[in-house]
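So the structure is just underneath, and the comments pick up after that.
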Number of protein chains: 2
Amino acid sequence: MENRKQIRLGVIGTGNMGSEHCRMILEGKCPEVRLRAAADLRPERREWARKLLPEDTAVFADGRELIASGLCDAVLIATPHFQHEPLAVAALEAGLHVLCEKPAAVQADRAERMIRAAEKAGKTLTFMFNQRTDCVYRAMKNLLAGGEMGAVKRMNWIITDWYRTQRYYDSGSWRATWAGEGGGVLLNQCPHQLDLLIWLCGMPCAVTARCGEGKWHHIEVEDDVTACLEFPNGATGVFVASTGDLPGTNRLEIDCERGKIVCEDRQVKVWRLGMNEREICFGSDDPWYRAETEAALLETDGENPQHAGVINAFAAHLLRGEPTVAEAEDGLRALELSNAIHLSGWTGERVEIPVSREAFDRELDKRIAKSVPRTRGDITYDTDHSRGGSRNN
Amino acid sequence: MENRKQIRLGVIGTGNMGSEHCRMILEGKCPEVRLRAAADLRPERREWARKLLPEDTAVFADGRELIASGLCDAVLIATPHFQHEPLAVAALEAGLHVLCEKPAAVQADRAERMIRAAEKAGKTLTFMFNQRTDCVYRAMKNLLAGGEMGAVKRMNWIITDWYRTQRYYDSGSWRATWAGEGGGVLLNQCPHQLDLLIWLCGMPCAVTARCGEGKWHHIEVEDDVTACLEFPNGATGVFVASTGDLPGTNRLEIDCERGKIVCEDRQVKVWRLGMNEREICFGSDDPWYRAETEAALLETDGENPQHAGVINAFAAHLLRGEPTVAEAEDGLRALELSNAIHLSGWTGERVEIPVSREAFDRELDKRIAKSVPRTRGDITYDTDHSRGGSRNN
């Protein structure tokens with residue numbers, strides 16, 4: 001591919017997200033990508049593709065036909081979650097690179113298979129963790145990775161600002177069913193935050209969770225999650241997510257040895273102690289020591305390219321070896337955490353990570369066996385990325 | 001007492017809190033209270049009392065002598081926690097009214113005995129829940145009790161702004177030991193917030209908690225708590241407390257059917273929906289409905305009389321039948337929740353409320369049996385209430 005100036009991309013799945021990705025590429029936001037093909041199992045979505053995509057974009061019913069066509073160097077997979085793994089593996093085995101929508105898969109063992117397939121093929125696999133491109137999170141990552149704040153002691157993320165009405169869940173027969181999506185807010189809305197949480201604070205080693213299934217909506221799956229996290233260094237965490245809170249909250253607090261970071265309303269406030277709290281604790285004569293520190297706004301570069309940023313980094317990686325936004329393993333890690341929260345919610349017990357994949361698959365299969373498709377037909381909304389990151393899917 | 005203009009008060013325990021209460025009364029902040037007696041087991045504190053209190057204030061070694069002296073109509077108990085119950089019961093049985101420092105006791109069954117003793121004697125028992133007098137919490141209580149916000153759906157309190165150094169714990173041989181205090185941050189710092197939580201949101205029916213014992217300090221008891229709460233109406237809650245976070249946070253979020261309330265930095269922000277989210281969920285055609293609501297600052301009366309407010313209300317109650325700041329049962333409720341969090345932390349399991357008092361007492365007794373007094377001597381700090389509510393004890 002070294003001599004090409006563009007990668008030839010096929011988009012598999014042209015529903016809410018896939019169609020928006022196509023539109024974005026056609027609008028010229030991804031100059032190193034040429035949209036070469038699109039695939040969708042649904043006739044009405046192929047109709048849409050034939051009407052709205054350029055004439056030289058091939059349209060397929062089956063993603064496997066697109067993969068086999070030889071028209072593409074890489075595919076962007078934006079199908080329902082359960083199809084991520086078989087399509088990604090097929091594409092990788094056919095020698096194509098893969099950019100896959102989140103979540104990586106529904107079950108961690110499937111995500112693992114995708115990674116093994118990429119390794120075997122020597123091709124690139126990465127995931128649409130577009131929130132990592134947000135200047136706010138990049139600035140937090142730089143601050144934490146730089147070591148100035150010391151180790152993380154506690155984190156608390158309330159992420160409830162992706163309200164959904166019943167109408168949202170009624171828009172697809174597969175939506176919010178165990179058989180169709182394999183989960184609710186954890187798999188549909190949370191993968192970004194679970195990825196960012198791990199990216200910023202490290203991977204938890206255990207979780208104790210409560211999940212409310214169909215708590216706020218007439219759905220099978222969870223729409224309300226409260227998870228207590230434990231990290232290997234002894235740090236603790238709380239992760240709260242819901243699609244039933246109005247108006248919701250998106251507030252991430254990270255307490256460190258040398259201060260505190262709070263991200264809310266797209267602002268990052270930092271309190272710096274100047275020394276390690278552990279030294280203060282055992283060195284100070286003041287029983288009620290108070291830190292004389294004021295919140296400072298963390299500077300960012302203001303850039304927030306989101307999906308285009310991920311696609312452009314993917315292209316730059318394939319063309320010039322530049323880094324992708326996330327590694328293949330990052331998709332697995334976020335899913336491991338998601339699976340652990342699900343399993344703890346189902347069993348009511350503390351679950352250690354890595355989670356028992358057999359136990360998770362067994363519990364999920366029980367739910368899939370009893371799952372009932374939603375009665376309403378499928379609707380593809382005119383999704384607009386500009387309405388904010390928390391609106392994806 | 002109807003003909004008196006002042007109640008005659010005895011203060012039992014003149015350590016950090018008791019001495020400050022005496023000082024406040026002598027400064028004239030409680031005009032309907034006359035300080036008549038003080039008691040402390042420690043000779044150096046009696047020395048302090050004889051030196052600094054007016055000559056007509058009787059000084060006793062044992063609280064029971066003070067109770068039997070006939071000099072007082074009421075006592076304010078500010079001893080270590082385990083002595084609250086025997087002293088309160090003795091006072092009530094002797095026909096005195098009781099204002100007792102928080103926590104009501106260490107074990108819920110002891111708090112229950114105090115309430116039964118008050119009922120039997122027909123005397124008043126109340127607790128030092130001085131944070132209830134804060135205009136900020138009173139305004140929230142009024143808003144929630146008024147019904148305008150609808151039912152509570154979720155609450156999240158991060159209360160970690162009461163940092164303590166090791167020196168604090170080294171200031172008393174009884175401090176932060178199972179035998180001396182019966183608990184850590186839950187019993188010493190949290191009783192106010194547990195009371196406010198119940199006052200504002202109602203009593204939880206179950207809790208799943210993780211408590212870190214000696215996590216940040218060289219102490220036996222918990223200095224780090226993460227508790228997930230369940231309420232009878234299905235609402236969920238998170239309560240996080242620690243004495244090891246610097247700078248800490250005090251942020252209470254309450255999500256309701258008709259909006260959201262956030263209390264932080266002594267400001268209460270309210271987002272009002274104007275209608276019930278439950279109706280929006282099932283009535284709106286917009287899958288991604290967004291509430292067009294801006295945060296409004298909740299008005300308060302600016303008054304925050306704290307300890308003086310509780311003492312003055314106690315006196316007004318005894319003299320004129322006005323309401324106390326809290327009822328006797330409120331002390332029991334806060335302790336029930338505290339006991340449940342402890343028990344869940346100890347067993348690692350979900351605990352329903354009311355908690356099994358036998359199970360709690362048994363687990364606590366195990367820890368008391370192995371408890372070791374701290375080696376440092378007792379120090380009484382020149383506690384100054386004006387340094388903020390989170391500094392009490």
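Residues are named by chain letter and number: chains run A, B, ... in the order of the structure tokens, numbers start at 1 in each chain, and ligands are numbered from 1 in the order shown.
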Quiz prompt | Shell of 12 Å around segment 87-91 of chain A, only C-alpha atoms, local chain residues under 3 positions omitted, as number ranges by chain | solution = A: 9-13, 39, 62-70, 72-84, 94-101, 104-105, 110-121, 123-127, 328
Near segment 249-253 of chain A, within 10 Å and counting only C-alpha atoms, which residues show up once chain neighbours fewer than 3 positions away are dropped, as a PDB file with N, CA, C and O atoms, in the first residue's frame?
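Result file is part_27.pdb:
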ATOM      1  N   ARG A 154      -8.453   6.852  43.698  1.00  0.00           N
ATOM      2  CA  ARG A 154      -9.901   6.655  43.639  1.00  0.00           C
ATOM      3  C   ARG A 154     -10.418   7.278  42.344  1.00  0.00           C
ATOM      4  O   ARG A 154      -9.859   8.278  41.875  1.00  0.00           O
ATOM      5  N   MET A 155     -11.432   6.685  41.751  1.00  0.00           N
ATOM      6  CA  MET A 155     -12.090   7.340  40.621  1.00  0.00           C
ATOM      7  C   MET A 155     -13.597   7.156  40.755  1.00  0.00           C
ATOM      8  O   MET A 155     -14.079   6.235  41.417  1.00  0.00           O
ATOM      9  N   ASN A 156     -14.307   8.105  40.149  1.00  0.00           N
ATOM     10  CA  ASN A 156     -15.766   8.085  40.253  1.00  0.00           C
ATOM     11  C   ASN A 156     -16.315   8.692  38.981  1.00  0.00           C
ATOM     12  O   ASN A 156     -16.084   9.868  38.712  1.00  0.00           O
ATOM     13  N   TRP A 157     -16.960   7.879  38.186  1.00  0.00           N
ATOM     14  CA  TRP A 157     -17.537   8.395  36.927  1.00  0.00           C
ATOM     15  C   TRP A 157     -19.054   8.209  36.965  1.00  0.00           C
ATOM     16  O   TRP A 157     -19.547   7.080  37.037  1.00  0.00           O
ATOM     17  N   ILE A 158     -19.749   9.324  36.930  1.00  0.00           N
ATOM     18  CA  ILE A 158     -21.205   9.299  36.746  1.00  0.00           C
ATOM     19  C   ILE A 158     -21.438   9.661  35.291  1.00  0.00           C
ATOM     20  O   ILE A 158     -21.175  10.791  34.879  1.00  0.00           O
ATOM     21  N   ILE A 159     -21.873   8.686  34.501  1.00  0.00           N
ATOM     22  CA  ILE A 159     -22.092   8.952  33.083  1.00  0.00           C
ATOM     23  C   ILE A 159     -23.532   8.558  32.750  1.00  0.00           C
ATOM     24  O   ILE A 159     -23.853   7.406  32.471  1.00  0.00           O
ATOM     25  N   THR A 160     -24.374   9.550  32.894  1.00  0.00           N
ATOM     26  CA  THR A 160     -25.816   9.317  32.745  1.00  0.00           C
ATOM     27  C   THR A 160     -26.437  10.337  31.794  1.00  0.00           C
ATOM     28  O   THR A 160     -27.646  10.548  31.815  1.00  0.00           O
ATOM     29  N   ASP A 161     -25.599  10.961  30.943  1.00  0.00           N
ATOM     30  CA  ASP A 161     -26.162  12.018  30.096  1.00  0.00           C
ATOM     31  C   ASP A 161     -26.496  11.522  28.691  1.00  0.00           C
ATOM     32  O   ASP A 161     -26.397  12.265  27.724  1.00  0.00           O
ATOM     33  N   TRP A 162     -26.830  10.269  28.564  1.00  0.00           N
ATOM     34  CA  TRP A 162     -27.301   9.755  27.272  1.00  0.00           C
ATOM     35  C   TRP A 162     -28.700   9.197  27.431  1.00  0.00           C
ATOM     36  O   TRP A 162     -28.946   8.002  27.235  1.00  0.00           O
ATOM     37  N   GLN A 193     -16.625   4.913  27.559  1.00  0.00           N
ATOM     38  CA  GLN A 193     -16.216   5.310  28.904  1.00  0.00           C
ATOM     39  C   GLN A 193     -15.427   4.202  29.586  1.00  0.00           C
ATOM     40  O   GLN A 193     -14.490   4.461  30.326  1.00  0.00           O
ATOM     41  N   LEU A 197     -11.818   4.886  30.886  1.00  0.00           N
ATOM     42  CA  LEU A 197     -11.528   4.584  32.293  1.00  0.00           C
ATOM     43  C   LEU A 197     -10.246   3.759  32.389  1.00  0.00           C
ATOM     44  O   LEU A 197      -9.360   4.071  33.200  1.00  0.00           O
ATOM     45  N   GLY A 237     -12.982   2.425  42.663  1.00  0.00           N
ATOM     46  CA  GLY A 237     -13.696   3.206  41.666  1.00  0.00           C
ATOM     47  C   GLY A 237     -15.180   2.975  41.727  1.00  0.00           C
ATOM     48  O   GLY A 237     -15.648   1.952  42.247  1.00  0.00           O
ATOM     49  N   VAL A 238     -15.921   3.945  41.221  1.00  0.00           N
ATOM     50  CA  VAL A 238     -17.362   3.814  41.069  1.00  0.00           C
ATOM     51  C   VAL A 238     -17.701   4.221  39.642  1.00  0.00           C
ATOM     52  O   VAL A 238     -17.185   5.226  39.135  1.00  0.00           O
ATOM     53  N   PHE A 239     -18.534   3.425  38.996  1.00  0.00           N
ATOM     54  CA  PHE A 239     -18.958   3.713  37.633  1.00  0.00           C
ATOM     55  C   PHE A 239     -20.476   3.593  37.613  1.00  0.00           C
ATOM     56  O   PHE A 239     -21.027   2.539  37.918  1.00  0.00           O
ATOM     57  N   VAL A 240     -21.146   4.704  37.313  1.00  0.00           N
ATOM     58  CA  VAL A 240     -22.605   4.737  37.288  1.00  0.00           C
ATOM     59  C   VAL A 240     -23.058   5.139  35.892  1.00  0.00           C
ATOM     60  O   VAL A 240     -22.614   6.170  35.376  1.00  0.00           O
ATOM     61  N   ALA A 241     -23.896   4.321  35.274  1.00  0.00           N
ATOM     62  CA  ALA A 241     -24.389   4.633  33.935  1.00  0.00           C
ATOM     63  C   ALA A 241     -25.881   4.338  33.867  1.00  0.00           C
ATOM     64  O   ALA A 241     -26.372   3.438  34.546  1.00  0.00           O
ATOM     65  N   SER A 242     -26.581   5.112  33.058  1.00  0.00           N
ATOM     66  CA  SER A 242     -28.017   4.919  32.932  1.00  0.00           C
ATOM     67  C   SER A 242     -28.504   5.626  31.679  1.00  0.00           C
ATOM     68  O   SER A 242     -27.915   6.616  31.250  1.00  0.00           O
ATOM     69  N   ASP A 245     -31.836   8.817  33.173  1.00  0.00           N
ATOM     70  CA  ASP A 245     -31.694  10.027  33.986  1.00  0.00           C
ATOM     71  C   ASP A 245     -31.828  11.267  33.108  1.00  0.00           C
ATOM     72  O   ASP A 245     -31.161  11.375  32.072  1.00  0.00           O
ATOM     73  N   LEU A 246     -32.636  12.199  33.541  1.00  0.00           N
ATOM     74  CA  LEU A 246     -32.870  13.406  32.747  1.00  0.00           C
ATOM     75  C   LEU A 246     -32.975  14.613  33.676  1.00  0.00           C
ATOM     76  O   LEU A 246     -33.869  14.628  34.520  1.00  0.00           O
ATOM     77  N   CYS A 256      -5.742  11.438  43.030  1.00  0.00           N
ATOM     78  CA  CYS A 256      -4.389  10.895  42.907  1.00  0.00           C
ATOM     79  C   CYS A 256      -3.592  11.232  44.158  1.00  0.00           C
ATOM     80  O   CYS A 256      -4.015  12.020  44.989  1.00  0.00           O
ATOM     81  N   LYS A 260      -6.037  16.129  42.538  1.00  0.00           N
ATOM     82  CA  LYS A 260      -7.349  15.663  42.098  1.00  0.00           C
ATOM     83  C   LYS A 260      -7.648  16.227  40.719  1.00  0.00           C
ATOM     84  O   LYS A 260      -7.278  17.367  40.422  1.00  0.00           O
ATOM     85  N   ILE A 261      -8.340  15.433  39.906  1.00  0.00           N
ATOM     86  CA  ILE A 261      -8.738  15.857  38.566  1.00  0.00           C
ATOM     87  C   ILE A 261     -10.250  15.655  38.468  1.00  0.00           C
ATOM     88  O   ILE A 261     -10.753  14.590  38.807  1.00  0.00           O
ATOM     89  N   VAL A 262     -10.970  16.677  38.005  1.00  0.00           N
ATOM     90  CA  VAL A 262     -12.406  16.529  37.785  1.00  0.00           C
ATOM     91  C   VAL A 262     -12.745  17.013  36.390  1.00  0.00           C
ATOM     92  O   VAL A 262     -12.429  18.147  36.020  1.00  0.00           O
ATOM     93  N   CYS A 263     -13.367  16.143  35.615  1.00  0.00           N
ATOM     94  CA  CYS A 263     -13.794  16.490  34.261  1.00  0.00           C
ATOM     95  C   CYS A 263     -15.317  16.554  34.231  1.00  0.00           C
ATOM     96  O   CYS A 263     -15.992  15.563  34.504  1.00  0.00           O
ATOM     97  N   GLU A 264     -15.838  17.726  33.930  1.00  0.00           N
ATOM     98  CA  GLU A 264     -17.291  17.899  33.834  1.00  0.00           C
ATOM     99  C   GLU A 264     -17.565  19.073  32.910  1.00  0.00           C
ATOM    100  O   GLU A 264     -16.796  20.037  32.885  1.00  0.00           O
ATOM    101  N   ASP A 265     -18.659  18.992  32.157  1.00  0.00           N
ATOM    102  CA  ASP A 265     -19.020  20.087  31.245  1.00  0.00           C
ATOM    103  C   ASP A 265     -17.861  20.437  30.308  1.00  0.00           C
ATOM    104  O   ASP A 265     -17.612  21.608  30.036  1.00  0.00           O
ATOM    105  N   ARG A 266     -17.147  19.427  29.852  1.00  0.00           N
ATOM    106  CA  ARG A 266     -16.026  19.615  28.922  1.00  0.00           C
ATOM    107  C   ARG A 266     -14.950  20.552  29.468  1.00  0.00           C
ATOM    108  O   ARG A 266     -14.251  21.228  28.708  1.00  0.00           O
ATOM    109  N   GLN A 267     -14.829  20.585  30.775  1.00  0.00           N
ATOM    110  CA  GLN A 267     -13.726  21.298  31.411  1.00  0.00           C
ATOM    111  C   GLN A 267     -13.019  20.331  32.344  1.00  0.00           C
ATOM    112  O   GLN A 267     -13.672  19.526  33.008  1.00  0.00           O
ATOM    113  N   VAL A 268     -11.704  20.445  32.398  1.00  0.00           N
ATOM    114  CA  VAL A 268     -10.945  19.618  33.336  1.00  0.00           C
ATOM    115  C   VAL A 268     -10.324  20.532  34.379  1.00  0.00           C
ATOM    116  O   VAL A 268      -9.533  21.426  34.053  1.00  0.00           O
ATOM    117  N   LYS A 269     -10.718  20.311  35.627  1.00  0.00           N
ATOM    118  CA  LYS A 269     -10.130  21.069  36.724  1.00  0.00           C
ATOM    119  C   LYS A 269      -9.086  20.206  37.422  1.00  0.00           C
ATOM    120  O   LYS A 269      -9.335  19.021  37.655  1.00  0.00           O
ATOM    121  N   VAL A 270      -7.971  20.813  37.764  1.00  0.00           N
ATOM    122  CA  VAL A 270      -6.897  20.074  38.427  1.00  0.00           C
ATOM    123  C   VAL A 270      -6.503  20.797  39.706  1.00  0.00           C
ATOM    124  O   VAL A 270      -6.283  22.014  39.704  1.00  0.00           O
ATOM    125  N   SER A 390     -22.134  11.611  23.145  1.00  0.00           N
ATOM    126  CA  SER A 390     -22.917  10.672  23.930  1.00  0.00           C
ATOM    127  C   SER A 390     -24.147  10.195  23.154  1.00  0.00           C
ATOM    128  O   SER A 390     -24.960   9.468  23.664  1.00  0.00           O
TER     129      SER A 390
ATOM    130  N   ILE B 158     -20.312  11.918  47.270  1.00  0.00           N
ATOM    131  CA  ILE B 158     -18.872  11.755  47.496  1.00  0.00           C
ATOM    132  C   ILE B 158     -18.538  12.716  48.627  1.00  0.00           C
ATOM    133  O   ILE B 158     -18.608  13.932  48.462  1.00  0.00           O
ATOM    134  N   THR B 249     -13.624  15.918  48.304  1.00  0.00           N
ATOM    135  CA  THR B 249     -14.801  16.392  47.579  1.00  0.00           C
ATOM    136  C   THR B 249     -15.994  16.274  48.513  1.00  0.00           C
ATOM    137  O   THR B 249     -16.042  15.362  49.326  1.00  0.00           O
ATOM    138  N   GLU B 253     -25.353  14.528  44.651  1.00  0.00           N
ATOM    139  CA  GLU B 253     -26.260  14.634  43.494  1.00  0.00           C
ATOM    140  C   GLU B 253     -27.495  13.804  43.779  1.00  0.00           C
ATOM    141  O   GLU B 253     -27.380  12.653  44.217  1.00  0.00           O
ATOM    142  N   ASP B 255     -30.941  12.668  41.769  1.00  0.00           N
ATOM    143  CA  ASP B 255     -31.710  12.661  40.532  1.00  0.00           C
ATOM    144  C   ASP B 255     -33.138  12.272  40.850  1.00  0.00           C
ATOM    145  O   ASP B 255     -33.380  11.260  41.507  1.00  0.00           O
ATOM    146  N   LYS B 260     -33.013  17.364  38.638  1.00  0.00           N
ATOM    147  CA  LYS B 260     -31.770  16.966  39.292  1.00  0.00           C
ATOM    148  C   LYS B 260     -31.332  18.057  40.264  1.00  0.00           C
ATOM    149  O   LYS B 260     -31.526  19.241  40.002  1.00  0.00           O
TER     150      LYS B 260
END
Chain A residues near chain B within 6 Å, closest pair each, using only C-alpha atoms, as CSV:
residue,atom,partner,partner_atom,distance
A:Arg164,CA,B:Trp288,CA,5.2
A:Thr165,CA,B:Cys281,CA,4.3
A:Gln166,CA,B:Phe282,CA,5.5
A:Arg167,CA,B:Pro287,CA,5.1
A:Tyr168,CA,B:Pro287,CA,4.0
A:Cys281,CA,B:Thr165,CA,4.3
A:Phe282,CA,B:Gln166,CA,5.5
A:Pro287,CA,B:Tyr168,CA,4.0
A:Trp288,CA,B:Arg164,CA,5.2
Practice problem: One decimal, Å: what's the distance from atom CA of Cys211 of chain B over to atom CA of Gly345 of chain B, could you say? | Solution: 5.1 Å
Practice problem: Quick one: pull the distance between atom CA of Leu194 of chain A and atom CA of Lys366 of chain A, Å, one decimal. | Solution: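 Separating atom CA of Leu194 of chain A from atom CA of Lys366 of chain A is a distance of 24.9 Å.
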Quiz item: In Å, how far is it from atom CA of Ala49 of chain A to atom CA of Thr14 of chain A?
Solution: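 Between these atoms lies a distance of 7.8 Å.
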Quiz item: Per DSSP on the backbone, what are the alpha helix (DSSP H) residues of segment 85-258 of chain B, as a ChimeraX atom specification?
Solution: /B:85-93,108-121,135-145,166-169,185-188,191-201
Quiz item: Which of these residues is nearest to Arg175 of chain B, using only C-alpha atoms: B:Leu200, B:Leu187, B:Leu52, B:Val152?
Solution: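 The shortest atom-to-atom distance to Arg175 of chain B comes from B:Leu187.
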Leaving out segment 337-339 of chain A and any residue of its chain fewer than 3 positions from it, which residues lie within 9 Å of it when counting only C-alpha atoms, given as a PDB file with N, CA and C atoms, in the first residue's frame?
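Okay, this is what ended up in around_14.pdb:
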ATOM      1  N   VAL A 106     -19.455  -9.069  21.821  1.00  0.00           N
ATOM      2  CA  VAL A 106     -20.294  -9.166  23.018  1.00  0.00           C
ATOM      3  C   VAL A 106     -19.559  -9.968  24.091  1.00  0.00           C
ATOM      4  N   GLN A 107     -18.905 -11.040  23.669  1.00  0.00           N
ATOM      5  CA  GLN A 107     -18.168 -11.895  24.607  1.00  0.00           C
ATOM      6  C   GLN A 107     -16.667 -11.680  24.426  1.00  0.00           C
ATOM      7  N   ALA A 108     -15.965 -11.609  25.549  1.00  0.00           N
ATOM      8  CA  ALA A 108     -14.519 -11.352  25.488  1.00  0.00           C
ATOM      9  C   ALA A 108     -13.789 -12.410  24.662  1.00  0.00           C
ATOM     10  N   LEU A 186     -24.412  -0.970  28.873  1.00  0.00           N
ATOM     11  CA  LEU A 186     -22.994  -1.360  28.980  1.00  0.00           C
ATOM     12  C   LEU A 186     -22.374  -1.595  27.611  1.00  0.00           C
ATOM     13  N   LEU A 187     -23.135  -2.211  26.704  1.00  0.00           N
ATOM     14  CA  LEU A 187     -22.576  -2.554  25.393  1.00  0.00           C
ATOM     15  C   LEU A 187     -22.823  -1.482  24.358  1.00  0.00           C
ATOM     16  N   CYS A 190     -21.785   2.545  26.901  1.00  0.00           N
ATOM     17  CA  CYS A 190     -20.616   2.624  27.798  1.00  0.00           C
ATOM     18  C   CYS A 190     -19.256   2.249  27.228  1.00  0.00           C
ATOM     19  N   PRO A 191     -19.171   1.530  26.115  1.00  0.00           N
ATOM     20  CA  PRO A 191     -17.822   1.072  25.729  1.00  0.00           C
ATOM     21  C   PRO A 191     -16.784   2.188  25.672  1.00  0.00           C
ATOM     22  N   LEU A 194     -15.810   2.949  29.338  1.00  0.00           N
ATOM     23  CA  LEU A 194     -15.041   1.842  29.918  1.00  0.00           C
ATOM     24  C   LEU A 194     -13.632   1.848  29.344  1.00  0.00           C
ATOM     25  N   ASP A 195     -13.515   2.134  28.049  1.00  0.00           N
ATOM     26  CA  ASP A 195     -12.184   2.228  27.438  1.00  0.00           C
ATOM     27  C   ASP A 195     -11.397   3.397  28.032  1.00  0.00           C
ATOM     28  N   ILE A 198     -10.148   2.719  31.564  1.00  0.00           N
ATOM     29  CA  ILE A 198      -8.963   1.848  31.590  1.00  0.00           C
ATOM     30  C   ILE A 198      -7.743   2.601  31.070  1.00  0.00           C
ATOM     31  N   MET A 203      -6.436  -0.956  34.382  1.00  0.00           N
ATOM     32  CA  MET A 203      -7.458  -2.005  34.348  1.00  0.00           C
ATOM     33  C   MET A 203      -7.845  -2.428  35.757  1.00  0.00           C
ATOM     34  N   PRO A 204      -9.138  -2.382  36.091  1.00  0.00           N
ATOM     35  CA  PRO A 204      -9.559  -2.908  37.396  1.00  0.00           C
ATOM     36  C   PRO A 204      -9.289  -4.404  37.496  1.00  0.00           C
ATOM     37  N   CYS A 205      -9.185  -4.887  38.735  1.00  0.00           N
ATOM     38  CA  CYS A 205      -8.954  -6.320  38.930  1.00  0.00           C
ATOM     39  C   CYS A 205     -10.182  -7.016  39.510  1.00  0.00           C
ATOM     40  N   ALA A 206     -11.181  -6.247  39.921  1.00  0.00           N
ATOM     41  CA  ALA A 206     -12.418  -6.862  40.427  1.00  0.00           C
ATOM     42  C   ALA A 206     -13.543  -5.843  40.370  1.00  0.00           C
ATOM     43  N   VAL A 207     -14.765  -6.359  40.329  1.00  0.00           N
ATOM     44  CA  VAL A 207     -15.932  -5.482  40.243  1.00  0.00           C
ATOM     45  C   VAL A 207     -17.104  -6.095  41.004  1.00  0.00           C
ATOM     46  N   LEU A 332     -10.459  -5.441  23.618  1.00  0.00           N
ATOM     47  CA  LEU A 332     -10.670  -6.594  24.497  1.00  0.00           C
ATOM     48  C   LEU A 332     -10.779  -6.148  25.951  1.00  0.00           C
ATOM     49  N   ARG A 333      -9.901  -5.239  26.362  1.00  0.00           N
ATOM     50  CA  ARG A 333      -9.911  -4.786  27.758  1.00  0.00           C
ATOM     51  C   ARG A 333     -11.249  -4.150  28.142  1.00  0.00           C
ATOM     52  N   ALA A 334     -11.740  -3.262  27.289  1.00  0.00           N
ATOM     53  CA  ALA A 334     -13.020  -2.605  27.595  1.00  0.00           C
ATOM     54  C   ALA A 334     -14.133  -3.639  27.701  1.00  0.00           C
ATOM     55  N   HIS A 342     -21.419  -7.066  33.848  1.00  0.00           N
ATOM     56  CA  HIS A 342     -22.618  -7.868  33.562  1.00  0.00           C
ATOM     57  C   HIS A 342     -22.691  -9.088  34.487  1.00  0.00           C
ATOM     58  N   LEU A 343     -21.585  -9.826  34.549  1.00  0.00           N
ATOM     59  CA  LEU A 343     -21.590 -11.082  35.320  1.00  0.00           C
ATOM     60  C   LEU A 343     -21.844 -10.820  36.805  1.00  0.00           C
ATOM     61  N   SER A 344     -21.229  -9.768  37.331  1.00  0.00           N
ATOM     62  CA  SER A 344     -21.459  -9.439  38.739  1.00  0.00           C
ATOM     63  C   SER A 344     -22.909  -9.031  38.965  1.00  0.00           C
ATOM     64  N   ILE A 353     -11.279  -9.987  37.645  1.00  0.00           N
ATOM     65  CA  ILE A 353     -10.896  -9.824  36.249  1.00  0.00           C
ATOM     66  C   ILE A 353      -9.479 -10.364  36.073  1.00  0.00           C
ATOM     67  N   PRO A 354      -9.141 -11.176  35.071  1.00  0.00           N
ATOM     68  CA  PRO A 354     -10.019 -11.552  33.959  1.00  0.00           C
ATOM     69  C   PRO A 354     -11.166 -12.446  34.419  1.00  0.00           C
ATOM     70  N   VAL A 355     -12.327 -12.144  33.863  1.00  0.00           N
ATOM     71  CA  VAL A 355     -13.546 -12.839  34.204  1.00  0.00           C
ATOM     72  C   VAL A 355     -13.519 -14.248  33.595  1.00  0.00           C
ATOM     73  N   ARG A 357     -14.583 -16.659  31.267  1.00  0.00           N
ATOM     74  CA  ARG A 357     -15.333 -16.499  30.005  1.00  0.00           C
ATOM     75  C   ARG A 357     -16.423 -17.552  29.869  1.00  0.00           C
ATOM     76  N   PHE A 360     -19.362 -16.290  31.970  1.00  0.00           N
ATOM     77  CA  PHE A 360     -20.069 -15.200  31.291  1.00  0.00           C
ATOM     78  C   PHE A 360     -20.902 -15.732  30.131  1.00  0.00           C
TER      79      PHE A 360
END
Quiz item: If you run DSSP on the backbone, which residues of segment 152-353 of chain A are strand (DSSP E), as a ChimeraX atom specification?
Solution: /A:152-159,206-213,222-230,236-242,250-256,259-264,267-272,296-297,351-352
Exercise. List the neighbours of segment 299-301 of chain B out to 7 Å using only C-alpha atoms; skip same-chain residues closer than 5 positions along the sequence, and give me the result as a PyMOL selection string.
Key: chain B and resi 135-136+139
Practice problem: Please provide the set of residues having any atom within 9 Å of Ile311 of chain A, restricted to only C-alpha atoms, with same-chain residues fewer than 6 positions apart removed, written as a PyMOL selection string. | Solution: chain A and resi 30+33+76+99+128+324-325
Practice problem: Find the spatial neighbours of Asn130 of chain A, counting only C-alpha atoms, within a cut-off of 10 Å - ignore same-chain residues fewer than 3 positions away - and output them as a PyMOL selection string. | Solution: chain A and resi 101-102+127+133-134+192+304-311+325-326+389
